[in-house]
Amino acid sequence: MLELTEQMIRDGIIKKADLAKLIRRRPPLKVTLANMINENVIDLEKVEDYIADKVRNGQFPFIRLEELEKEGINLEPIVKKVAKKLHIRYVDLDEVEVDVQLFTRIPYAQLQRYRVVPVEETDLNVLVVFEDPLDMGAQDAIQRLFPRKPIQVATSVPKKIMEVLQRMEMSESLKEYVDDIRKDLREGGTEKDEGESPAVLKLIDLIFKNSVIKRASDIHIEATEKNCVVRDRIDGMLVQSFIFDKDIFSPLASRIKLMANLDIAEKRKPQDGRITAMVAGREFDFRLSTLPTLLGESIVLRILDKSKVLVRLEDAGMSEFCYKRFTTGIQAPYGIVLVTGPTGSGKTTTLYGALNAIRDTKDKIITVEDPVEYQMGGIQQVQVNAHAGLSFSDALRSILRQDPDKIMIGEIRDNETLRIAIQAALTGHLVLSTLHTNDAISAVTRIIDMGIESYLVSGALVAIQAQRLVRKICQFCKTPQVLSSHLMEEISPYLKTDSPTFYHGAGCKECNNTGYLGREMISEVLTVSDTLSRMVAADATKEQLTEQAMKEGFITMFEDGIEKALMGRTTVEEIFRVARL
């Protein structure tokens with residue numbers, strides 16, 4: 001970006017004397033836009049306005065905007081300003097549904113060449129998103145393909161345009177399967193046989209293989225108004241993988257239900273099942289759930305890798321402070337240790353890690369789970385079966401007659417289960433379980449709200465860990481990041497240095513252009529001291545408990561997250577997404 005920097009000096013936007021400050025620093029800083037903004041050489045908004053003007057006047061080609069992204073500059077505000085100056089529409093491609101049939105009317109080679117995405121056709125025009133809305137040659141070429149209607153020119157962030165084109169390229173390569181499915185449907189014709197097409201099985205194998213390769217935890221197959229969409233949950237976020245015409249959804253859904261031994265004719269009620277399949281040489285379990293919706297069924301498959309090794313607590317990403325506090329809690333001879341957080345925050349994985357850390361041949365350890373996700377040696381695991389009348393509370397009563405030392409309850413869902421767990425903790429057992437609360441201290445008030453007397457809670461609680469999973473920055477494309485003044489103001493109370501450096505992922509093939517690769521935990525651990533125990537018994541408020549915990553060195557999840565962002569493990573935006581209340 002040397003050329004842009006020189007241009008900014010010539011235009012008087014920055015001064016050479018200010019740049020010299022970067023070089024004189026010890027250690028010296030590289031002359032980049034990110035460093036200039038972080039060191040207050042230039043204002044971020046001023047840079048955005050300047051670049052938008054240059055792009056509008058054709059002095060800074062659109063194709064070079066991606067170079068700014070590698071320097072940690074967010075392109076969205078710049079592209080929005082360019083669109084406003086050109087009096088055209090800005091389209092967020094994450095928020096709109098692309099019409100597949102419209103897409104197929106333009107040869108894919110031309111879409112790639114001009115970097116355009118046709119979005120929708122109305123009675124008046126065809127909305128087409130161009131990476132470079134100033135490219136008249138591209139506009140003329142696309143307009144010739146729609147002789148009866150004018151095109152409406154729009155623009156978007158280059159990265160989002162490329163993501164849509166890549167998804168469509170994959171769907172383009174599946175045309176052979178799709179055509180075979182349609183052919184089989186025409187020849188078969190009845191709903192009963194619609195899942196029997198061999199091409200459907202090939203398509204399902206491809207969907208499974210793609211999800212496993214991308215490290216997905218869930219596969220979502222949904223019918224939308226215009227299309228059939230397949231999305232993968234990767235590192236906690238849904239990413240669109242395939243998009244087909246809507247007529248493919250019915251045979252695809254029927255075949256998946258057949259594989260899970262479900263009733264393919266039943267589309268009005270939710271159904272649950274399980275599929276075991278070999279994918280890429282490994283055995284996987286797919287837990288299937290179907291749900292009737294207005295546009296068809298929603299199908300979700302949770303991917304369970306049978307060969308997956310249990311995560312050790314020390315490898316889960318806990319900070320050293322939280323790790324020491326939590327391991328002290330689970331080594332207590334009796335009492336209850338809770339792990340709290342929303343669905344999908346890794347609570348069960350933490351419990352398995354805790355069991356792995358404390359299991360011993362001298363102790364009898366029994367678990368009650370729904371379902372048993374991973375089998376562990378040396379531990380008795382009980383699966384809840386509501387249809388057979390074996391609930392969490394029923395299983396717990398029987399477990400207490402089995403002379404256990406340590407008990408793990410997959411989830412505390414009701415007052416009865418909670419009361420038995422508290423009684424077990426008070427009678428000399430170590431109980432590990434999960435609860436749904438937003439933070440550690442809220443767990444105390446939630447237990448009391450569920451009808452347990454405060455004096456019982458104070459005697460039973462040992463430690464509470466609240467946790468979330470944050471996406472890790474991809475180490476292959478990690479670059480310094482420029483934070484807005486608003487964000488810096490919000491996190492300033494948690495910063496220990498005047499000139500912190502934050503990072504983000506620019507996007508590369510390793511992370512599928514997301515900038516993130518993998519996830520790790522941020523957490524807060526409340527150790528219930530004698531003082532806190534007395535306060536719980538005396539019905540202290542959440543504010544009073546928080547104040548005392550802070551005096552005892554309690555570190556909140558948000559603080560833990562900001563510390564991880566300062567270490568370059570994740571981004572500040574990711575911490576705000578998952579941990580800001």
# chains A, B, ... in the order shown; residues from 1 in each chain; ligands from 1
$ select_by_dssp --residues "segment 284-436 of chain A" --states "helix (DSSP H, G or I)" --output "MDAnalysis selection string"
chainID A and resid 313:315 320:330 347:358 386:388 392:400 415:426
$ residues_around --residues "segment 138-148 of chain A" --least-positions-apart "6" --cutoff "12 Å" --atoms "only C-alpha atoms" --output "PDB file with N, CA and C atoms, in the first residue's frame"
ATOM      1  N   LEU A 102     -32.311 -17.914 -11.680  1.00  0.00           N
ATOM      2  CA  LEU A 102     -31.790 -16.711 -12.328  1.00  0.00           C
ATOM      3  C   LEU A 102     -30.288 -16.847 -12.566  1.00  0.00           C
ATOM      4  N   PHE A 103     -29.619 -17.444 -11.599  1.00  0.00           N
ATOM      5  CA  PHE A 103     -28.162 -17.649 -11.655  1.00  0.00           C
ATOM      6  C   PHE A 103     -27.778 -18.509 -12.860  1.00  0.00           C
ATOM      7  N   THR A 104     -28.584 -19.530 -13.141  1.00  0.00           N
ATOM      8  CA  THR A 104     -28.249 -20.477 -14.216  1.00  0.00           C
ATOM      9  C   THR A 104     -28.433 -19.872 -15.609  1.00  0.00           C
ATOM     10  N   ARG A 105     -29.050 -18.698 -15.703  1.00  0.00           N
ATOM     11  CA  ARG A 105     -29.259 -18.062 -17.011  1.00  0.00           C
ATOM     12  C   ARG A 105     -28.014 -17.333 -17.512  1.00  0.00           C
ATOM     13  N   ILE A 106     -27.005 -17.199 -16.650  1.00  0.00           N
ATOM     14  CA  ILE A 106     -25.747 -16.557 -17.044  1.00  0.00           C
ATOM     15  C   ILE A 106     -24.647 -17.605 -17.006  1.00  0.00           C
ATOM     16  N   PRO A 107     -23.864 -17.759 -18.085  1.00  0.00           N
ATOM     17  CA  PRO A 107     -22.764 -18.735 -18.057  1.00  0.00           C
ATOM     18  C   PRO A 107     -21.829 -18.454 -16.876  1.00  0.00           C
ATOM     19  N   TYR A 108     -21.461 -19.548 -16.161  1.00  0.00           N
ATOM     20  CA  TYR A 108     -20.658 -19.369 -14.943  1.00  0.00           C
ATOM     21  C   TYR A 108     -19.317 -18.683 -15.247  1.00  0.00           C
ATOM     22  N   GLN A 110     -18.728 -16.293 -17.275  1.00  0.00           N
ATOM     23  CA  GLN A 110     -18.915 -14.836 -17.308  1.00  0.00           C
ATOM     24  C   GLN A 110     -19.110 -14.262 -15.903  1.00  0.00           C
ATOM     25  N   LEU A 111     -19.825 -15.009 -15.074  1.00  0.00           N
ATOM     26  CA  LEU A 111     -20.003 -14.564 -13.682  1.00  0.00           C
ATOM     27  C   LEU A 111     -18.655 -14.403 -12.996  1.00  0.00           C
ATOM     28  N   GLN A 112     -17.777 -15.372 -13.218  1.00  0.00           N
ATOM     29  CA  GLN A 112     -16.448 -15.317 -12.608  1.00  0.00           C
ATOM     30  C   GLN A 112     -15.591 -14.214 -13.210  1.00  0.00           C
ATOM     31  N   ARG A 113     -15.673 -14.086 -14.515  1.00  0.00           N
ATOM     32  CA  ARG A 113     -14.838 -13.091 -15.216  1.00  0.00           C
ATOM     33  C   ARG A 113     -15.152 -11.674 -14.744  1.00  0.00           C
ATOM     34  N   TYR A 114     -16.447 -11.358 -14.642  1.00  0.00           N
ATOM     35  CA  TYR A 114     -16.843  -9.993 -14.259  1.00  0.00           C
ATOM     36  C   TYR A 114     -17.107  -9.855 -12.762  1.00  0.00           C
ATOM     37  N   ARG A 115     -17.078 -10.968 -12.040  1.00  0.00           N
ATOM     38  CA  ARG A 115     -17.364 -10.979 -10.598  1.00  0.00           C
ATOM     39  C   ARG A 115     -18.720 -10.335 -10.307  1.00  0.00           C
ATOM     40  N   VAL A 116     -19.771 -10.954 -10.833  1.00  0.00           N
ATOM     41  CA  VAL A 116     -21.126 -10.441 -10.641  1.00  0.00           C
ATOM     42  C   VAL A 116     -22.015 -11.540 -10.061  1.00  0.00           C
ATOM     43  N   VAL A 117     -23.054 -11.110  -9.342  1.00  0.00           N
ATOM     44  CA  VAL A 117     -24.025 -12.040  -8.766  1.00  0.00           C
ATOM     45  C   VAL A 117     -25.432 -11.524  -9.090  1.00  0.00           C
ATOM     46  N   PRO A 118     -26.189 -12.241  -9.953  1.00  0.00           N
ATOM     47  CA  PRO A 118     -27.589 -11.862 -10.160  1.00  0.00           C
ATOM     48  C   PRO A 118     -28.408 -12.277  -8.933  1.00  0.00           C
ATOM     49  N   GLU A 121     -35.123 -11.181  -9.881  1.00  0.00           N
ATOM     50  CA  GLU A 121     -35.794 -10.594 -11.043  1.00  0.00           C
ATOM     51  C   GLU A 121     -37.186 -10.155 -10.619  1.00  0.00           C
ATOM     52  N   THR A 122     -37.531  -8.892 -10.922  1.00  0.00           N
ATOM     53  CA  THR A 122     -38.872  -8.373 -10.643  1.00  0.00           C
ATOM     54  C   THR A 122     -39.563  -8.077 -11.973  1.00  0.00           C
ATOM     55  N   ASP A 123     -40.789  -7.535 -11.905  1.00  0.00           N
ATOM     56  CA  ASP A 123     -41.516  -7.187 -13.130  1.00  0.00           C
ATOM     57  C   ASP A 123     -40.830  -6.054 -13.885  1.00  0.00           C
ATOM     58  N   LEU A 124     -40.038  -5.244 -13.135  1.00  0.00           N
ATOM     59  CA  LEU A 124     -39.434  -4.049 -13.749  1.00  0.00           C
ATOM     60  C   LEU A 124     -37.988  -4.244 -14.182  1.00  0.00           C
ATOM     61  N   ASN A 125     -37.195  -5.010 -13.379  1.00  0.00           N
ATOM     62  CA  ASN A 125     -35.769  -5.120 -13.693  1.00  0.00           C
ATOM     63  C   ASN A 125     -35.151  -6.373 -13.084  1.00  0.00           C
ATOM     64  N   VAL A 126     -33.847  -6.530 -13.334  1.00  0.00           N
ATOM     65  CA  VAL A 126     -33.073  -7.638 -12.756  1.00  0.00           C
ATOM     66  C   VAL A 126     -31.979  -7.015 -11.889  1.00  0.00           C
ATOM     67  N   LEU A 127     -31.990  -7.338 -10.576  1.00  0.00           N
ATOM     68  CA  LEU A 127     -30.978  -6.799  -9.660  1.00  0.00           C
ATOM     69  C   LEU A 127     -29.704  -7.623  -9.781  1.00  0.00           C
ATOM     70  N   VAL A 128     -28.598  -6.959 -10.162  1.00  0.00           N
ATOM     71  CA  VAL A 128     -27.313  -7.631 -10.336  1.00  0.00           C
ATOM     72  C   VAL A 128     -26.257  -6.916  -9.507  1.00  0.00           C
ATOM     73  N   VAL A 129     -25.547  -7.672  -8.659  1.00  0.00           N
ATOM     74  CA  VAL A 129     -24.482  -7.111  -7.823  1.00  0.00           C
ATOM     75  C   VAL A 129     -23.150  -7.228  -8.565  1.00  0.00           C
ATOM     76  N   PHE A 130     -22.468  -6.099  -8.761  1.00  0.00           N
ATOM     77  CA  PHE A 130     -21.168  -6.045  -9.429  1.00  0.00           C
ATOM     78  C   PHE A 130     -20.084  -5.737  -8.403  1.00  0.00           C
ATOM     79  N   GLU A 131     -18.953  -6.430  -8.519  1.00  0.00           N
ATOM     80  CA  GLU A 131     -17.834  -6.059  -7.653  1.00  0.00           C
ATOM     81  C   GLU A 131     -17.346  -4.660  -8.023  1.00  0.00           C
ATOM     82  N   ASP A 132     -17.283  -4.382  -9.333  1.00  0.00           N
ATOM     83  CA  ASP A 132     -16.880  -3.057  -9.810  1.00  0.00           C
ATOM     84  C   ASP A 132     -18.043  -2.427 -10.559  1.00  0.00           C
ATOM     85  N   ALA A 154     -25.992  -2.894  -8.639  1.00  0.00           N
ATOM     86  CA  ALA A 154     -25.750  -2.785  -7.192  1.00  0.00           C
ATOM     87  C   ALA A 154     -24.312  -3.227  -6.924  1.00  0.00           C
TER      88      ALA A 154
END
$ residues_around --residues "Val384 of chain A" --least-positions-apart "6" --cutoff "8 Å" --atoms "only C-alpha atoms" --output "MDAnalysis selection string"
chainID A and resid 368:371 390:392 395
$ residues_around --residues "segment 284-291 of chain A" --least-positions-apart "6" --cutoff "9 Å" --atoms "only C-alpha atoms" --output "list in words"
Asp218, Ile256, Lys257, Ala260, Lys267, Arg268, Lys269, Pro270, Gln271, Asp272, Gly273, Arg274, Ile275, Thr276, Ala277, Met278, Glu297, Ser298, Ile299, Val300, Leu301, Arg302, Ile303, Leu304, Asp305, Lys306 and Ser307 of chain A
$ closest_atom_pairs --of "segment 276-366 of chain A" --to "segment 558-576 of chain A" --cutoff "12 Å" --atoms "only C-alpha atoms" --output "Markdown table"
| residue | atom | partner | partner_atom | distance |
| --- | --- | --- | --- | --- |
| A:Gly317 | CA | A:Lys564 | CA | 9.7 |
| A:Met318 | CA | A:Asp560 | CA | 9.1 |
| A:Ser319 | CA | A:Asp560 | CA | 7.5 |
| A:Glu320 | CA | A:Asp560 | CA | 10.5 |
| A:Phe321 | CA | A:Asp560 | CA | 9.5 |
| A:Cys322 | CA | A:Asp560 | CA | 9.0 |
| A:Tyr323 | CA | A:Asp560 | CA | 12.0 |
$ write_last_selection --atoms "N, CA and C atoms" --output "PDB file, in the first residue's frame"
ATOM      1  N   GLY A 317      -8.497 -24.525  26.413  1.00  0.00           N
ATOM      2  CA  GLY A 317      -8.321 -23.087  26.182  1.00  0.00           C
ATOM      3  C   GLY A 317      -8.608 -22.230  27.394  1.00  0.00           C
ATOM      4  N   MET A 318      -8.742 -22.849  28.584  1.00  0.00           N
ATOM      5  CA  MET A 318      -8.946 -22.058  29.809  1.00  0.00           C
ATOM      6  C   MET A 318      -7.698 -21.238  30.112  1.00  0.00           C
ATOM      7  N   SER A 319      -7.905 -20.039  30.669  1.00  0.00           N
ATOM      8  CA  SER A 319      -6.754 -19.271  31.146  1.00  0.00           C
ATOM      9  C   SER A 319      -6.180 -19.987  32.368  1.00  0.00           C
ATOM     10  N   GLU A 320      -4.928 -19.711  32.682  1.00  0.00           N
ATOM     11  CA  GLU A 320      -4.268 -20.392  33.809  1.00  0.00           C
ATOM     12  C   GLU A 320      -5.014 -20.144  35.118  1.00  0.00           C
ATOM     13  N   PHE A 321      -5.521 -18.906  35.294  1.00  0.00           N
ATOM     14  CA  PHE A 321      -6.240 -18.525  36.510  1.00  0.00           C
ATOM     15  C   PHE A 321      -7.510 -19.377  36.666  1.00  0.00           C
ATOM     16  N   CYS A 322      -8.311 -19.465  35.567  1.00  0.00           N
ATOM     17  CA  CYS A 322      -9.570 -20.229  35.616  1.00  0.00           C
ATOM     18  C   CYS A 322      -9.298 -21.727  35.762  1.00  0.00           C
ATOM     19  N   TYR A 323      -8.245 -22.211  35.090  1.00  0.00           N
ATOM     20  CA  TYR A 323      -7.906 -23.639  35.150  1.00  0.00           C
ATOM     21  C   TYR A 323      -7.586 -24.060  36.581  1.00  0.00           C
TER      22      TYR A 323
END
$ residues_around --residues "Val164 of chain A" --least-positions-apart "6" --cutoff "9 Å" --atoms "only C-alpha atoms" --output "list of chain:residue names"
A:Leu93, A:Val98, A:Val117, A:Gln240
$ write_last_selection --atoms "N, CA, C and O atoms" --output "short mmCIF file (atom, residue, chain, number, x, y, z; two decimals), in the first residue's frame"
data_model
loop_
_atom_site.label_atom_id
_atom_site.label_comp_id
_atom_site.auth_asym_id
_atom_site.auth_seq_id
_atom_site.Cartn_x
_atom_site.Cartn_y
_atom_site.Cartn_z
N LEU A 93 -24.94 -9.51 0.81
CA LEU A 93 -25.24 -10.84 0.26
C LEU A 93 -25.49 -11.90 1.33
O LEU A 93 -25.96 -12.99 1.03
N VAL A 98 -30.32 -15.63 -2.92
CA VAL A 98 -30.01 -15.59 -4.35
C VAL A 98 -30.90 -16.61 -5.08
O VAL A 98 -31.01 -17.76 -4.66
N VAL A 117 -23.05 -11.11 -9.34
CA VAL A 117 -24.03 -12.04 -8.77
C VAL A 117 -25.43 -11.52 -9.09
O VAL A 117 -25.83 -10.47 -8.58
N GLN A 240 -23.32 -21.32 4.41
CA GLN A 240 -24.04 -21.99 3.32
C GLN A 240 -23.07 -22.78 2.46
O GLN A 240 -22.07 -22.26 1.99
#
$ atom_distance --atom1 "atom CA of Val100 of chain A" --atom2 "atom CA of Val119 of chain A"
8.7 Å
$ residues_around --residues "Ser398 of chain A" --least-positions-apart "2" --cutoff "12 Å" --atoms "only C-alpha atoms" --output "list in words"
Ile366, Thr367, Val368, Val382, Leu390, Ser391, Phe392, Ser393, Asp394, Ala395, Leu396, Leu400, Arg401, Gln402, Asp403, Pro404, Ile407 and Ile420 of chain A
$ closest_residue --among "A:Leu206, A:Ile181, A:Ala425, A:Val536" --to "Ile447 of chain A" --atoms "only C-alpha atoms"
A:Val536
$ select_by_dssp --residues "segment 426-575 of chain A" --states "strand (DSSP E)" --output "ChimeraX atom specification"
/A:430-435,461-473,478-481,502-505,516-527
$ residues_around --residues "segment 63-68 of chain A" --least-positions-apart "5" --cutoff "10 Å" --atoms "only C-alpha atoms" --output "PyMOL selection string"
chain A and resi 1+32-34+51+55+73-75+78-79+131-132+157-159+506
$ atom_distance --atom1 "atom CA of Pro333 of chain A" --atom2 "atom CA of Leu430 of chain A"
6.2 Å
$ closest_residue --among "A:Val482, A:Val578, A:Leu532, A:Val311" --to "Asn40 of chain A" --atoms "only C-alpha atoms"
A:Val482
